[in-house]
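Asker: Following this line is data11.txt, made up of compact mmCIF, C-alpha atoms:
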# COMPACT_ATOMS: atom_id res chain seq x y z
CA MET A 26 7.24 -19.46 32.07
CA LEU A 27 4.00 -20.41 30.33
CA PHE A 28 5.12 -23.98 29.70
CA GLU A 29 6.58 -24.36 33.19
CA ASN A 30 3.29 -23.15 34.67
CA ARG A 31 1.33 -25.72 32.66
CA HIS A 32 3.86 -28.41 33.61
CA ASN A 33 3.50 -27.52 37.29
CA THR A 34 -0.29 -27.73 37.01
CA LEU A 35 -0.51 -31.00 35.09
CA VAL A 36 2.37 -33.13 36.33
CA ARG A 37 2.31 -35.19 39.51
CA GLY A 38 5.19 -37.08 41.07
CA ARG A 39 8.88 -36.56 41.61
CA PHE A 40 9.38 -34.56 38.40
CA LYS A 41 7.07 -31.75 39.53
CA ILE A 42 8.83 -28.63 40.82
CA GLU A 43 6.95 -28.01 44.05
CA ALA A 44 9.37 -25.79 45.98
CA GLU A 45 8.62 -22.14 45.28
CA TRP A 46 12.25 -21.06 45.65
CA ILE A 47 13.28 -23.49 42.91
CA ARG A 48 10.60 -22.10 40.57
CA TYR A 49 11.65 -18.51 41.29
CA THR A 50 15.28 -19.45 40.71
CA PHE A 51 14.30 -21.11 37.41
CA TYR A 52 12.47 -17.93 36.32
CA ALA A 53 15.35 -15.71 37.42
CA ILE A 54 17.95 -17.73 35.49
CA ASN A 55 15.86 -17.64 32.31
CA GLY A 56 15.05 -13.93 32.65
CA ILE A 57 18.62 -12.86 33.36
CA TYR A 58 20.00 -15.01 30.56
CA ALA A 59 17.44 -13.60 28.10
CA LEU A 60 18.63 -10.07 28.95
CA LEU A 61 22.38 -10.70 29.04
CA PHE A 62 23.01 -13.46 26.48
CA LEU A 63 24.63 -10.99 24.04
CA LEU A 64 26.91 -9.53 26.71
CA PRO A 65 30.06 -11.30 25.36
CA VAL A 66 29.48 -9.69 21.95
CA TYR A 67 29.03 -6.23 23.51
CA PHE A 68 32.50 -6.49 25.03
CA GLN A 69 33.96 -7.05 21.54
CA ILE A 70 32.37 -4.13 19.64
CA PRO A 71 35.14 -2.87 17.32
CA ASP A 72 36.23 0.69 16.71
CA PRO A 73 33.91 2.02 13.95
CA GLU A 74 36.72 4.04 12.34
CA TRP A 75 38.60 0.79 11.82
CA ALA A 76 35.66 -1.49 11.02
CA LYS A 77 33.75 0.69 8.52
CA PRO A 78 36.45 0.76 5.81
CA ILE A 79 36.81 -3.02 6.03
CA LEU A 80 33.07 -3.53 5.56
CA LEU A 81 33.14 -1.22 2.55
CA LYS A 82 35.56 -3.58 0.83
CA VAL A 83 33.92 -6.84 1.90
CA ILE A 84 30.14 -6.30 2.05
CA LEU A 85 29.05 -2.73 1.28
CA PRO A 86 30.55 -1.46 -1.97
CA CYS A 87 27.82 1.19 -2.40
CA PRO A 88 26.54 2.18 1.06
CA HIS A 89 23.90 4.74 1.92
CA PRO A 90 25.28 8.21 2.84
CA SER A 91 24.08 7.70 6.43
CA TYR A 92 26.69 4.93 6.73
CA PHE A 93 29.38 7.59 7.14
CA GLN A 94 27.65 9.37 10.02
CA SER A 95 29.30 9.27 13.42
CA ASN A 96 26.31 7.63 15.16
CA VAL A 97 26.61 4.47 13.03
CA PHE A 98 28.65 1.72 14.66
CA VAL A 99 29.64 -1.83 13.75
CA PHE A 100 28.21 -4.40 16.15
CA SER A 101 30.73 -7.15 15.52
CA MET A 102 33.36 -8.26 13.04
CA GLU A 103 33.31 -11.87 14.25
CA ILE A 104 30.57 -13.85 12.54
CA SER A 105 31.04 -16.87 14.78
CA ALA A 106 30.66 -14.74 17.92
CA VAL A 107 27.19 -13.49 16.94
CA THR A 108 25.84 -16.69 15.40
CA GLY A 109 27.32 -18.90 18.13
CA THR A 110 25.94 -16.78 20.97
CA ALA A 111 22.48 -16.59 19.39
CA GLY A 112 22.54 -20.31 18.54
CA ILE A 113 23.31 -21.29 22.15
CA PHE A 114 20.54 -18.94 23.30
CA LEU A 115 17.95 -20.56 21.02
CA LEU A 116 19.11 -24.07 21.88
CA PHE A 117 18.87 -23.33 25.61
CA PHE A 118 15.22 -22.27 25.45
CA LEU A 119 14.17 -24.81 22.83
CA VAL A 120 15.47 -27.68 24.96
CA GLU A 121 13.57 -26.35 27.98
CA VAL A 122 10.32 -25.94 26.05
CA PHE A 123 10.72 -29.34 24.37
CA ILE A 124 11.20 -31.17 27.69
CA LEU A 125 8.29 -29.37 29.37
CA CYS A 126 5.99 -29.96 26.37
CA ILE A 127 6.82 -33.67 26.07
CA HIS A 128 6.39 -34.32 29.79
CA SER A 129 3.15 -32.31 30.00
CA SER A 130 1.78 -34.06 26.91
CA TYR A 131 2.56 -37.45 28.45
CA PHE A 132 0.41 -36.64 31.47
CA LEU A 133 -2.36 -35.21 29.31
CA LEU A 134 -2.49 -38.36 27.19
CA SER A 135 -1.92 -40.82 30.01
CA LEU A 136 -4.82 -42.97 31.16
CA LYS A 137 -3.49 -42.98 34.73
CA THR A 138 -4.07 -39.34 35.58
CA HIS A 139 -5.39 -37.43 38.58
CA MET A 140 -7.88 -35.52 36.40
CA SER A 141 -11.40 -36.46 35.41
CA PRO A 142 -12.09 -37.12 31.69
CA ALA A 143 -13.88 -33.77 31.32
CA THR A 144 -11.05 -31.85 33.01
CA GLN A 145 -8.47 -33.74 30.98
CA LYS A 146 -10.27 -32.79 27.75
CA LEU A 147 -10.37 -29.10 28.76
CA GLN A 148 -6.70 -29.18 29.75
CA ARG A 149 -5.78 -30.71 26.38
CA LYS A 150 -7.63 -27.97 24.50
CA PHE A 151 -6.05 -25.27 26.64
CA PHE A 152 -2.58 -26.78 26.13
CA VAL A 153 -2.98 -26.90 22.33
CA ASP A 154 -4.30 -23.32 22.28
CA MET A 155 -1.33 -22.21 24.35
CA ILE A 156 1.11 -23.83 21.93
CA PHE A 157 -0.51 -22.00 19.00
CA GLN A 158 -0.58 -18.77 20.97
CA VAL A 159 3.17 -19.01 21.56
CA SER A 160 4.32 -20.55 18.27
CA ILE A 161 2.75 -17.98 15.92
CA PRO A 162 4.48 -14.90 17.43
CA VAL A 163 7.71 -16.90 17.77
CA ALA A 164 7.54 -17.79 14.07
CA VAL A 165 7.14 -14.09 13.27
CA ILE A 166 10.51 -13.56 14.98
CA VAL A 167 12.35 -16.77 14.06
CA LEU A 168 11.82 -16.64 10.28
CA PRO A 169 13.24 -13.11 9.82
CA MET A 170 16.06 -13.93 12.24
CA THR A 171 16.87 -17.01 10.15
CA TYR A 172 17.32 -14.78 7.13
CA CYS A 173 19.49 -12.41 9.18
CA PHE A 174 21.76 -15.30 10.21
CA TYR A 175 21.90 -16.46 6.61
CA SER A 176 22.89 -13.00 5.39
CA ILE A 177 25.59 -12.73 8.07
CA VAL A 178 27.12 -16.17 7.50
CA TRP A 179 27.09 -15.94 3.69
CA GLN A 180 27.84 -12.18 3.67
CA TYR A 181 24.77 -11.47 1.57
CA TYR A 182 23.61 -7.85 1.75
CA ASN A 183 20.17 -6.74 0.58
CA GLN A 184 18.80 -3.62 2.26
CA MET A 185 15.22 -4.23 1.09
CA LEU A 186 15.15 -7.73 2.63
CA ASN A 187 16.81 -6.38 5.76
CA ASN A 188 14.05 -3.77 6.12
CA ILE A 189 11.35 -6.42 5.61
CA ALA A 190 12.97 -8.65 8.24
CA ILE A 191 13.11 -5.83 10.81
CA ILE A 192 9.47 -4.88 10.10
CA CYS A 193 8.36 -8.51 10.56
CA ILE A 194 10.23 -8.78 13.86
CA SER A 195 8.58 -5.60 15.13
CA LEU A 196 5.14 -7.09 14.39
CA HIS A 197 5.44 -9.90 16.94
CA GLY A 198 3.39 -7.91 19.48
CA MET A 199 0.51 -7.53 17.07
CA GLY A 200 0.82 -11.21 16.16
CA SER A 201 0.52 -12.16 19.84
CA THR A 202 -2.60 -10.03 20.23
CA ILE A 203 -4.29 -11.41 17.11
CA THR A 204 -3.53 -14.98 18.18
CA LEU A 205 -4.90 -14.35 21.67
CA ILE A 206 -8.16 -12.92 20.28
CA TRP A 207 -8.51 -15.65 17.68
CA LEU A 208 -8.07 -18.55 20.12
CA ASN A 209 -10.36 -17.23 22.88
CA PRO A 210 -14.08 -17.21 21.97
CA SER A 211 -15.00 -14.50 24.50
CA TYR A 212 -12.26 -12.16 23.27
CA ARG A 213 -13.08 -12.97 19.65
CA GLN A 214 -16.81 -12.26 20.00
CA PHE A 215 -16.20 -9.07 21.93
CA THR A 216 -13.70 -7.82 19.31
CA ILE A 217 -16.14 -8.59 16.49
CA SER A 218 -18.90 -6.73 18.31
CA VAL A 219 -16.66 -3.68 18.69
CA ILE A 220 -15.53 -3.74 15.06
CA THR A 221 -19.11 -4.11 13.81
CA CYS A 222 -20.32 -1.32 16.15
CA PHE A 223 -22.70 -3.58 18.09
CA ARG A 224 -23.04 -3.43 21.82
CA TYR A 225 -21.27 -6.09 23.81
CA ASP A 226 -23.69 -8.81 24.88
CA PRO A 227 -23.33 -9.36 28.65
CA SER A 228 -24.56 -12.94 28.19
CA LEU A 229 -21.13 -13.81 26.77
CA ARG A 230 -19.62 -13.04 30.11
CA ARG A 231 -22.32 -14.89 32.03
CA SER A 232 -21.92 -17.98 29.87
CA SER A 233 -18.48 -18.75 31.28
CA VAL A 234 -19.27 -18.04 34.96
CA MET A 235 -22.38 -19.36 36.69
CA THR A 236 -23.33 -17.97 40.09
CA VAL A 237 -25.78 -19.82 42.30
CA SER A 238 -27.56 -17.94 45.06
CA PRO A 239 -29.33 -19.53 48.06
CA ALA A 240 -32.68 -18.32 46.68
CA THR A 241 -32.05 -20.18 43.42
CA ILE A 242 -31.25 -23.39 45.29
CA THR A 243 -34.42 -23.03 47.38
CA GLN A 244 -36.58 -22.49 44.29
CA GLN A 245 -35.09 -25.51 42.51
CA HIS A 246 -35.59 -27.65 45.62
CA SER A 247 -39.25 -26.54 45.92
CA LYS A 248 -39.90 -27.46 42.26
CA LYS A 249 -38.48 -30.93 42.83
CA LEU A 250 -40.71 -31.40 45.87
In structure tokens, how does this file's structure come out?

Answerer:
Amino acid sequence: MLFENRHNTLVRGRFKIEAEWIRYTFYAINGIYALLFLLPVYFQIPDPEWAKPILLKVILPCPHPSYFQSNVFVFSMEISAVTGTAGIFLLFFLVEVFILCIHSSYFLLSLKTHMSPATQKLQRKFFVDMIFQVSIPVAVIVLPMTYCFYSIVWQYYNQMLNNIAIICISLHGMGSTITLIWLNPSYRQFTISVITCFRYDPSLRRSSVMTVSPATITQQHSKKL
């Protein structure tokens, strides 16, 4: 949605999605697919009483005692079902983001653009900041998930590495927040002022928004006269 929004703002011509119903349909398809992409695997969850003994022989020779509790279930016995479904999911979104990024970058770097040089420079900076803001939290998720896929495909079991991977995945929210604060000067300065117990300087807020009153215009006009 972030990259589509930037694409809709920057691009002009026949490739721009102008109809609102098409944009809403695009968002709906992506949102529904993100929620239901593992649905085929859910329909194939095996009986735990049958699957647990098999895993004991293949992967888990010395399991934790909690493995034998009734609330533990086996998600899938088909490696290709999990990796294939997740691979198609990643490919689907990566292709979308890649196309939107390439097309938006072309308009940002093009000399024949509808924007002024100053606006084009600001849009470039904002676009780069947005890519960093998205890529860092995604990396926090993708790298541990890569290990998880590796462990599934090669049937490598290491509980310590599994715990580290799950902890890293759960930190993606904090990674998003840190990236947002780091890339935005106003947020960054305000956060530093809070951490260092200094009062927030209202001038930071006034520096980004300038209001001009009729009295100010009159005074400036009188000085010129």

Asker: Could you give me, as a list in words, the residues within 12 Å of Gly109 in chain A, counting all atoms listed in the file and dropping anything in the same chain fewer than 5 positions from it?

Answerer: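 After dropping sequence-adjacent residues, the list is Phe62, Leu63, Pro65, Val66, Glu103, Ile104, Phe114, Leu115, Leu116, Phe174, Ile177 and Val178 of chain A.
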
Asker: One decimal, in Å: what's the spacing between CA of Lys41 in chain A and CA of Ile161 in chain A?

Answerer: 27.7 Å

Asker: How far is it from CA of Lys146 in chain A to CA of Ser130 in chain A, in Å with one decimal?

Answerer: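 Interatomic distance, CA of Lys146 in chain A to CA of Ser130 in chain A: 12.1 Å.
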
Asker: For Ile70 in chain A, work out the shell of residues within 7 Å, counting only C-alpha atoms and skipping chain neighbours fewer than 2 positions away, then give it as a list in words.

Answerer: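 The neighbour list is Val66, Tyr67, Phe68, Asp72, Val99, Phe100 and Ser101 of chain A.
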
Asker: Of the candidates A:Pro71, A:Gly198, A:Ser129, A:Ala111, which shows the shortest atom-to-atom distance to Ala59 in chain A, using all atoms listed in the file?

Answerer: A:Ala111

Asker: Measure the distance from CA of Ile47 in chain A to CA of Phe117 in chain A in Å and round it to one decimal.

Answerer: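 Distance reported for this atom pair: 18.2 Å.
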
Asker: Counting only C-alpha atoms, figure out which residue out of A:Asn183, A:Asn33, A:Thr144, A:Thr204 gets nearest to Cys126 in chain A.

Answerer: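 Answer, going by the shortest atom-to-atom distance: A:Asn33.
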
Asker: Please identify all polymer residues within 10 Å of Phe93 in chain A, counting only C-alpha atoms, omitting same-chain residues fewer than 2 positions from it, and present them as an mmCIF file with C-alpha atoms, in the coordinates of the input.

Answerer:
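The new file around27.cif reads:
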data_model
loop_
_atom_site.group_PDB
_atom_site.id
_atom_site.type_symbol
_atom_site.label_atom_id
_atom_site.label_comp_id
_atom_site.auth_asym_id
_atom_site.auth_seq_id
_atom_site.Cartn_x
_atom_site.Cartn_y
_atom_site.Cartn_z
ATOM 1 C CA PRO A 73 33.910 2.020 13.950
ATOM 2 C CA GLU A 74 36.720 4.040 12.340
ATOM 3 C CA LYS A 77 33.750 0.690 8.520
ATOM 4 C CA PRO A 78 36.450 0.760 5.810
ATOM 5 C CA PRO A 88 26.540 2.180 1.060
ATOM 6 C CA HIS A 89 23.900 4.740 1.920
ATOM 7 C CA PRO A 90 25.280 8.210 2.840
ATOM 8 C CA SER A 91 24.080 7.700 6.430
ATOM 9 C CA SER A 95 29.300 9.270 13.420
ATOM 10 C CA ASN A 96 26.310 7.630 15.160
ATOM 11 C CA VAL A 97 26.610 4.470 13.030
ATOM 12 C CA PHE A 98 28.650 1.720 14.660
#

Asker: Under the rule that only C-alpha atoms are counted, which of A:Tyr58, A:Trp75, A:Tyr131, A:Phe118 is the nearest residue to Val36 in chain A?

Answerer: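 Looking at the shortest contact to Val36 in chain A, the residue is A:Tyr131.
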